[in-house]
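Right, one structure below, let's go through it.
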Amino acid sequence: MSGGRGTAAPYLMLGLATVGFALNFWAWALLSPLGPRFKETLHLTSFQQALLVAVPVVVGSVGRIPVGALTDRYGGRVMFPLISAATIVPVLFLGFGGHRSLAGLLVGGFVLGLAGTSFAVGVPFVNAWFPPRQRGAAIGVFGAGMGGTAISALTTVQLVDSGGIATPFVVTAVVLAVYAVVAFLLLRDAPGWSPPSEPTTRRLLGAVRLPVTWQASALYAVAFGGYVAFSVYLPAYLQTAYHLGQADAANRTAGFVLLAVVMRPVGGWLSDRVGAVVVLVWALGVTAVCAVVQAFTPELMPLGTVAFLAMAAALGAGSGAVFALVALLAPADRVGSVTGVVGAAGGLGGFVPPLLMGALYGVFESYALGLAALAVVAAASLVFTTTSVRRATATRASVT
């Protein structure tokens, strides 16, 4: 991948945006590894535990719509340090008092959702720095910043054990503060970028009317939504279904997240070469098959582990392919607005499954129905990709 502006600047901007995305996602996922601990200390039900980790997801998802539109208006140069600095407030609130009650956790988690909106800042920012033929790979690399959830999974419990409940929150707040300053000093919007003259509301409504917005939203709700759902609920799932310890479950979740992260830029890179539709077909097919296998709760070693890792790879690659599709089909001046809507759909796709899994387990003491539902949704999305989405990409190719 070579820069589209003739200098090293695109790579520097891509690197800074990816780091910022990762750090904000680290903050966004702080509550997930501590869910079982809060369940025990606050005597939460399975549904309350699922709600606790899902609230930041839904807020961060819905918030991407206005943040994406604001990024079209003010640029990533302004929005990245702003979002990062604002996220420090709920992080410190949770660390120094919000964790003592369910109400405090829900309030803190609600505001913490702001960190999840950073995705809608980075996609249009990176998109503007690279030419169309390289945007799938570039946005895929940026999307690898979702590995910030792995940082949380690997470090949060250990930091609490070694320094107390406030430790991971304080560490995250300090890192976010450093990044906000660095981003303010170094980030630059792409040469030639200028704020659109059209009002934000009109641009957002225009983005909503684009077919690619809804096509990509449906696919991202499955691909990235599946990733988010497992990244926040997998610790609870593994402890309940396989009776793993808290640290073991967190480490296995980190492995799931890391593989998905690695595969996201691979999915974008492959989409630049063989087409996003081909990548999505394979990703959704693998997801459907693995969900069926896991619905029977096979032995964790080797079959359960293989199923989850294959699903992680598929969901990561599929997430990268969706935004290669957005880069191909969305008008350049509406990428932020489209990204906001699509990103919201992806996050909302991750909000429902943890609640559903928790509720179903509370009734049936089994996760089979939830995983079977994932298989059906993935299979339906595969059919949608091979029909409507394939026609849209073929039409785009014929006019260019």
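Residues are referred to by chain and number: the chain letter is A, B, ... according to the order shown in the structure tokens, the number counts from 1 in that chain, and ligands are numbered separately from 1 in the order shown.
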If you count only C-alpha atoms, which residues fall within 7 Å of Gly75 in chain A, apart from same-chain ones fewer than 4 positions away, as a PDB file with N, CA and C atoms, in the first residue's frame?
```pdb
ATOM      1  N   THR A  71     -17.822  14.981  11.945  1.00  0.00           N
ATOM      2  CA  THR A  71     -16.492  14.790  11.357  1.00  0.00           C
ATOM      3  C   THR A  71     -16.466  15.272   9.917  1.00  0.00           C
ATOM      4  N   MET A  79     -11.939  16.439  15.802  1.00  0.00           N
ATOM      5  CA  MET A  79     -12.788  15.484  16.503  1.00  0.00           C
ATOM      6  C   MET A  79     -12.016  14.426  17.278  1.00  0.00           C
ATOM      7  N   PHE A 125     -11.653  10.341   8.040  1.00  0.00           N
ATOM      8  CA  PHE A 125     -10.332  10.958   8.134  1.00  0.00           C
ATOM      9  C   PHE A 125      -9.314  10.174   7.309  1.00  0.00           C
ATOM     10  N   ASP A 189      -5.794  17.307   8.699  1.00  0.00           N
ATOM     11  CA  ASP A 189      -6.730  16.800   7.699  1.00  0.00           C
ATOM     12  C   ASP A 189      -6.047  16.744   6.343  1.00  0.00           C
TER      13      ASP A 189
END
```
Spatial neighbours of Leu348 in chain A, max dist 8 Å, only C-alpha atoms, sep filter under 3 positions, as a count of residues only: 10
Å distance separating CA of Leu244 in chain A from CA of Met301 in chain A, one decimal place: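 About the pair CA of Leu244 in chain A and CA of Met301 in chain A: they are 12.6 Å apart.
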Picked from range 184-311 of chain A by DSSP as helix (DSSP H, G or I), as JSON, numbers by chain: {"A": [184, 185, 186, 200, 201, 202, 203, 204, 205, 206, 207, 208, 209, 211, 212, 213, 214, 215, 216, 217, 218, 219, 220, 221, 222, 223, 224, 225, 226, 227, 228, 229, 230, 231, 232, 233, 234, 235, 236, 237, 238, 239, 240, 241, 242, 246, 247, 248, 249, 250, 251, 252, 253, 254, 255, 256, 257, 258, 259, 260, 261, 262, 263, 264, 265, 266, 267, 268, 269, 270, 271, 272, 273, 274, 276, 277, 278, 279, 280, 281, 282, 283, 284, 285, 286, 287, 288, 289, 290, 291, 292, 293, 294, 295, 300, 301, 302, 303, 304, 305, 306, 307, 308, 309, 310, 311]}
Residues within 12 Å of Pro66 in chain A, only C-alpha atoms, excluding chain neighbours under 2 positions, as a ChimeraX atom specification: /A:59-64,68-74,79,114,117-118,120-121,200-201,203-205,336-344
Output the selection as a compact mmCIF listing (two decimals), in the first residue's frame - N, CA, C and O atoms for each residue.
```txt
# COMPACT_ATOMS: atom_id res chain seq x y z
N VAL A 59 -24.71 3.05 23.24
CA VAL A 59 -24.51 4.50 23.21
C VAL A 59 -23.41 4.86 22.21
O VAL A 59 -23.54 5.81 21.42
N GLY A 60 -22.30 4.11 22.26
CA GLY A 60 -21.22 4.36 21.32
C GLY A 60 -21.64 4.13 19.88
O GLY A 60 -21.10 4.74 18.96
N SER A 61 -22.62 3.27 19.70
CA SER A 61 -23.10 2.97 18.35
C SER A 61 -24.02 4.06 17.82
O SER A 61 -23.80 4.60 16.73
N VAL A 62 -25.03 4.41 18.59
CA VAL A 62 -25.96 5.46 18.15
C VAL A 62 -25.23 6.79 18.03
O VAL A 62 -25.49 7.59 17.12
N GLY A 63 -24.28 7.02 18.93
CA GLY A 63 -23.53 8.27 18.90
C GLY A 63 -22.69 8.45 17.65
O GLY A 63 -22.28 9.58 17.32
N ARG A 64 -22.41 7.36 16.94
CA ARG A 64 -21.61 7.47 15.72
C ARG A 64 -22.33 8.26 14.63
O ARG A 64 -21.69 8.83 13.75
N GLY A 68 -20.21 11.11 13.18
CA GLY A 68 -19.79 10.99 11.78
C GLY A 68 -20.14 12.23 10.99
O GLY A 68 -19.33 12.72 10.19
N ALA A 69 -21.33 12.76 11.22
CA ALA A 69 -21.74 13.99 10.52
C ALA A 69 -20.88 15.17 10.96
O ALA A 69 -20.49 16.02 10.13
N LEU A 70 -20.55 15.24 12.24
CA LEU A 70 -19.69 16.32 12.74
C LEU A 70 -18.28 16.20 12.17
O LEU A 70 -17.61 17.22 11.94
N THR A 71 -17.82 14.98 11.94
CA THR A 71 -16.49 14.79 11.36
C THR A 71 -16.47 15.27 9.92
O THR A 71 -15.48 15.87 9.46
N ASP A 72 -17.55 15.02 9.17
CA ASP A 72 -17.65 15.60 7.83
C ASP A 72 -17.54 17.12 7.88
O ASP A 72 -16.99 17.76 6.99
N ARG A 73 -18.08 17.69 8.96
CA ARG A 73 -18.14 19.15 9.08
C ARG A 73 -16.83 19.75 9.60
O ARG A 73 -16.32 20.75 9.06
N TYR A 74 -16.24 19.14 10.66
CA TYR A 74 -15.09 19.75 11.33
C TYR A 74 -13.77 19.01 11.10
O TYR A 74 -12.71 19.55 11.40
N MET A 79 -11.94 16.44 15.80
CA MET A 79 -12.79 15.48 16.50
C MET A 79 -12.02 14.43 17.28
O MET A 79 -12.45 14.00 18.36
N LEU A 114 -19.27 7.22 24.61
CA LEU A 114 -18.67 8.24 23.75
C LEU A 114 -17.40 7.73 23.08
O LEU A 114 -17.12 8.05 21.92
N THR A 117 -17.63 6.15 19.63
CA THR A 117 -17.91 6.96 18.45
C THR A 117 -16.64 7.31 17.67
O THR A 117 -16.72 7.82 16.56
N SER A 118 -15.47 7.02 18.25
CA SER A 118 -14.20 7.36 17.58
C SER A 118 -14.07 6.68 16.22
O SER A 118 -13.37 7.17 15.33
N ALA A 120 -16.32 6.50 13.93
CA ALA A 120 -16.93 7.36 12.91
C ALA A 120 -16.07 8.59 12.62
O ALA A 120 -16.32 9.29 11.64
N VAL A 121 -15.08 8.87 13.46
CA VAL A 121 -14.12 9.93 13.19
C VAL A 121 -13.03 9.43 12.25
O VAL A 121 -12.65 10.09 11.29
N THR A 200 -25.42 20.11 8.11
CA THR A 200 -25.18 18.76 8.63
C THR A 200 -26.43 17.89 8.55
O THR A 200 -26.36 16.73 8.14
N THR A 201 -27.57 18.44 8.92
CA THR A 201 -28.80 17.65 8.90
C THR A 201 -29.15 17.19 7.49
O THR A 201 -29.53 16.03 7.28
N ARG A 203 -27.04 16.75 4.99
CA ARG A 203 -26.07 15.74 4.56
C ARG A 203 -26.39 14.38 5.18
O ARG A 203 -26.29 13.35 4.54
N LEU A 204 -26.79 14.41 6.44
CA LEU A 204 -27.13 13.17 7.12
C LEU A 204 -28.35 12.52 6.49
O LEU A 204 -28.38 11.30 6.25
N LEU A 205 -29.35 13.33 6.18
CA LEU A 205 -30.54 12.79 5.52
C LEU A 205 -30.20 12.26 4.12
O LEU A 205 -30.73 11.23 3.69
N GLY A 336 -18.25 10.30 6.00
CA GLY A 336 -18.42 10.41 7.44
C GLY A 336 -19.85 10.13 7.87
O GLY A 336 -20.10 9.39 8.83
N SER A 337 -20.81 10.71 7.16
CA SER A 337 -22.21 10.50 7.50
C SER A 337 -22.62 9.05 7.30
O SER A 337 -23.31 8.46 8.14
N VAL A 338 -22.20 8.47 6.17
CA VAL A 338 -22.50 7.06 5.91
C VAL A 338 -21.84 6.18 6.96
O VAL A 338 -22.45 5.24 7.49
N THR A 339 -20.59 6.48 7.28
CA THR A 339 -19.86 5.72 8.30
C THR A 339 -20.58 5.77 9.64
O THR A 339 -20.65 4.77 10.36
N GLY A 340 -21.10 6.94 9.99
CA GLY A 340 -21.81 7.07 11.25
C GLY A 340 -23.01 6.15 11.33
O GLY A 340 -23.21 5.44 12.33
N VAL A 341 -23.79 6.11 10.26
CA VAL A 341 -24.98 5.25 10.25
C VAL A 341 -24.58 3.78 10.24
O VAL A 341 -25.13 2.97 11.00
N VAL A 342 -23.62 3.43 9.39
CA VAL A 342 -23.18 2.04 9.30
C VAL A 342 -22.53 1.60 10.62
O VAL A 342 -22.78 0.49 11.12
N GLY A 343 -21.70 2.46 11.18
CA GLY A 343 -21.07 2.14 12.45
C GLY A 343 -22.09 1.95 13.56
O GLY A 343 -21.94 1.08 14.43
N ALA A 344 -23.14 2.77 13.54
CA ALA A 344 -24.20 2.62 14.53
C ALA A 344 -24.88 1.26 14.39
O ALA A 344 -25.16 0.58 15.39
```
What's around Ala327 in chain A at 10 Å? Count only C-alpha atoms, leave out sequence neighbours fewer than 2 positions away in its own chain, and write the answer as a compact mmCIF listing (two decimals) with C-alpha atoms, in the first residue's frame.
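The file below, out.txt, is the result:
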```
# COMPACT_ATOMS: atom_id res chain seq x y z
CA VAL A 123 -12.97 6.25 8.72
CA PRO A 124 -13.64 9.54 6.86
CA ASN A 127 -10.48 7.74 3.64
CA PRO A 131 -6.84 7.13 -3.26
CA PRO A 132 -9.84 4.87 -3.97
CA ARG A 133 -7.79 1.80 -4.97
CA GLN A 134 -6.06 1.76 -1.56
CA ARG A 135 -8.90 2.71 0.74
CA GLY A 136 -10.01 -0.83 1.52
CA ILE A 139 -9.46 1.55 6.36
CA ALA A 321 -14.85 -5.88 3.65
CA VAL A 322 -17.93 -3.85 4.62
CA PHE A 323 -15.96 -0.61 4.76
CA ALA A 324 -14.15 -1.43 1.54
CA LEU A 325 -17.70 -1.52 0.15
CA LEU A 329 -19.94 3.07 -3.23
CA ALA A 330 -20.34 6.13 -0.96
CA PRO A 331 -19.82 9.69 -2.31
CA ALA A 332 -16.57 11.16 -0.94
CA VAL A 335 -18.29 9.09 3.87
CA VAL A 338 -22.50 7.06 5.91
CA THR A 339 -19.86 5.72 8.30
```
Find the residues near range 40-50 of chain A: any atom within 7 Å, counting only C-alpha atoms, skip ones fewer than 4 places away on the same chain, and give them as a tab-separated table (two decimals) with N, CA and C atoms, in the first residue's frame.
```
chain	number	residue	atom	x	y	z
A	35	GLY	N	-17.24	-7.55	34.36
A	35	GLY	CA	-18.64	-7.92	34.50
A	35	GLY	C	-18.87	-9.03	35.52
A	36	PRO	N	-18.13	-10.16	35.43
A	36	PRO	CA	-18.33	-11.22	36.44
A	36	PRO	C	-18.03	-10.76	37.86
A	54	ALA	N	-23.48	-4.01	27.86
A	54	ALA	CA	-24.08	-3.63	26.58
A	54	ALA	C	-24.36	-2.13	26.47
A	101	SER	N	-22.15	0.85	42.53
A	101	SER	CA	-23.57	0.48	42.41
A	101	SER	C	-23.91	0.23	40.96
A	354	PRO	N	-25.73	-9.93	23.44
A	354	PRO	CA	-25.45	-10.22	24.85
A	354	PRO	C	-26.71	-10.24	25.72
A	355	LEU	N	-27.63	-9.31	25.44
A	355	LEU	CA	-28.88	-9.30	26.19
A	355	LEU	C	-29.69	-10.56	25.90
A	358	GLY	N	-27.98	-13.62	27.53
A	358	GLY	CA	-28.21	-13.62	28.97
A	358	GLY	C	-29.64	-14.00	29.32
A	359	ALA	N	-30.59	-13.44	28.57
A	359	ALA	CA	-32.00	-13.74	28.83
A	359	ALA	C	-32.32	-15.20	28.53
A	362	GLY	N	-30.90	-17.47	31.14
A	362	GLY	CA	-31.67	-17.39	32.37
A	362	GLY	C	-32.92	-18.24	32.33
```
Shell of 12 Å around Phe169 in chain A, only C-alpha atoms, local chain residues under 3 positions omitted, as a ChimeraX atom specification: /A:26-31,34,87-99,108,112,152,155-157,159-160,163-166,172-176
Residue neighbourhood Phe230 in chain A, 10 Å, only C-alpha atoms, exclusion window fewer than 6 positions, as a ChimeraX atom specification: /A:224,236-237,253,256-257,308,311-312,350,353-354
Distance in Å - CA of Leu300 in chain A versus CA of Tyr233 in chain A: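 Separating CA of Leu300 in chain A from CA of Tyr233 in chain A is a distance of 16.6 Å.
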Top pick for closest residue to Ala378 in chain A, considering A:Val292, A:Ala313, A:Gly104, A:Thr149 and counting only C-alpha atoms: A:Val292
Pick from A:Ser84, A:Ser231, A:Thr213, A:Gln158 nearest to Val178 in chain A, counting only C-alpha atoms: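 When distances to Val178 in chain A are compared using only C-alpha atoms, the smallest one comes from A:Ser84.
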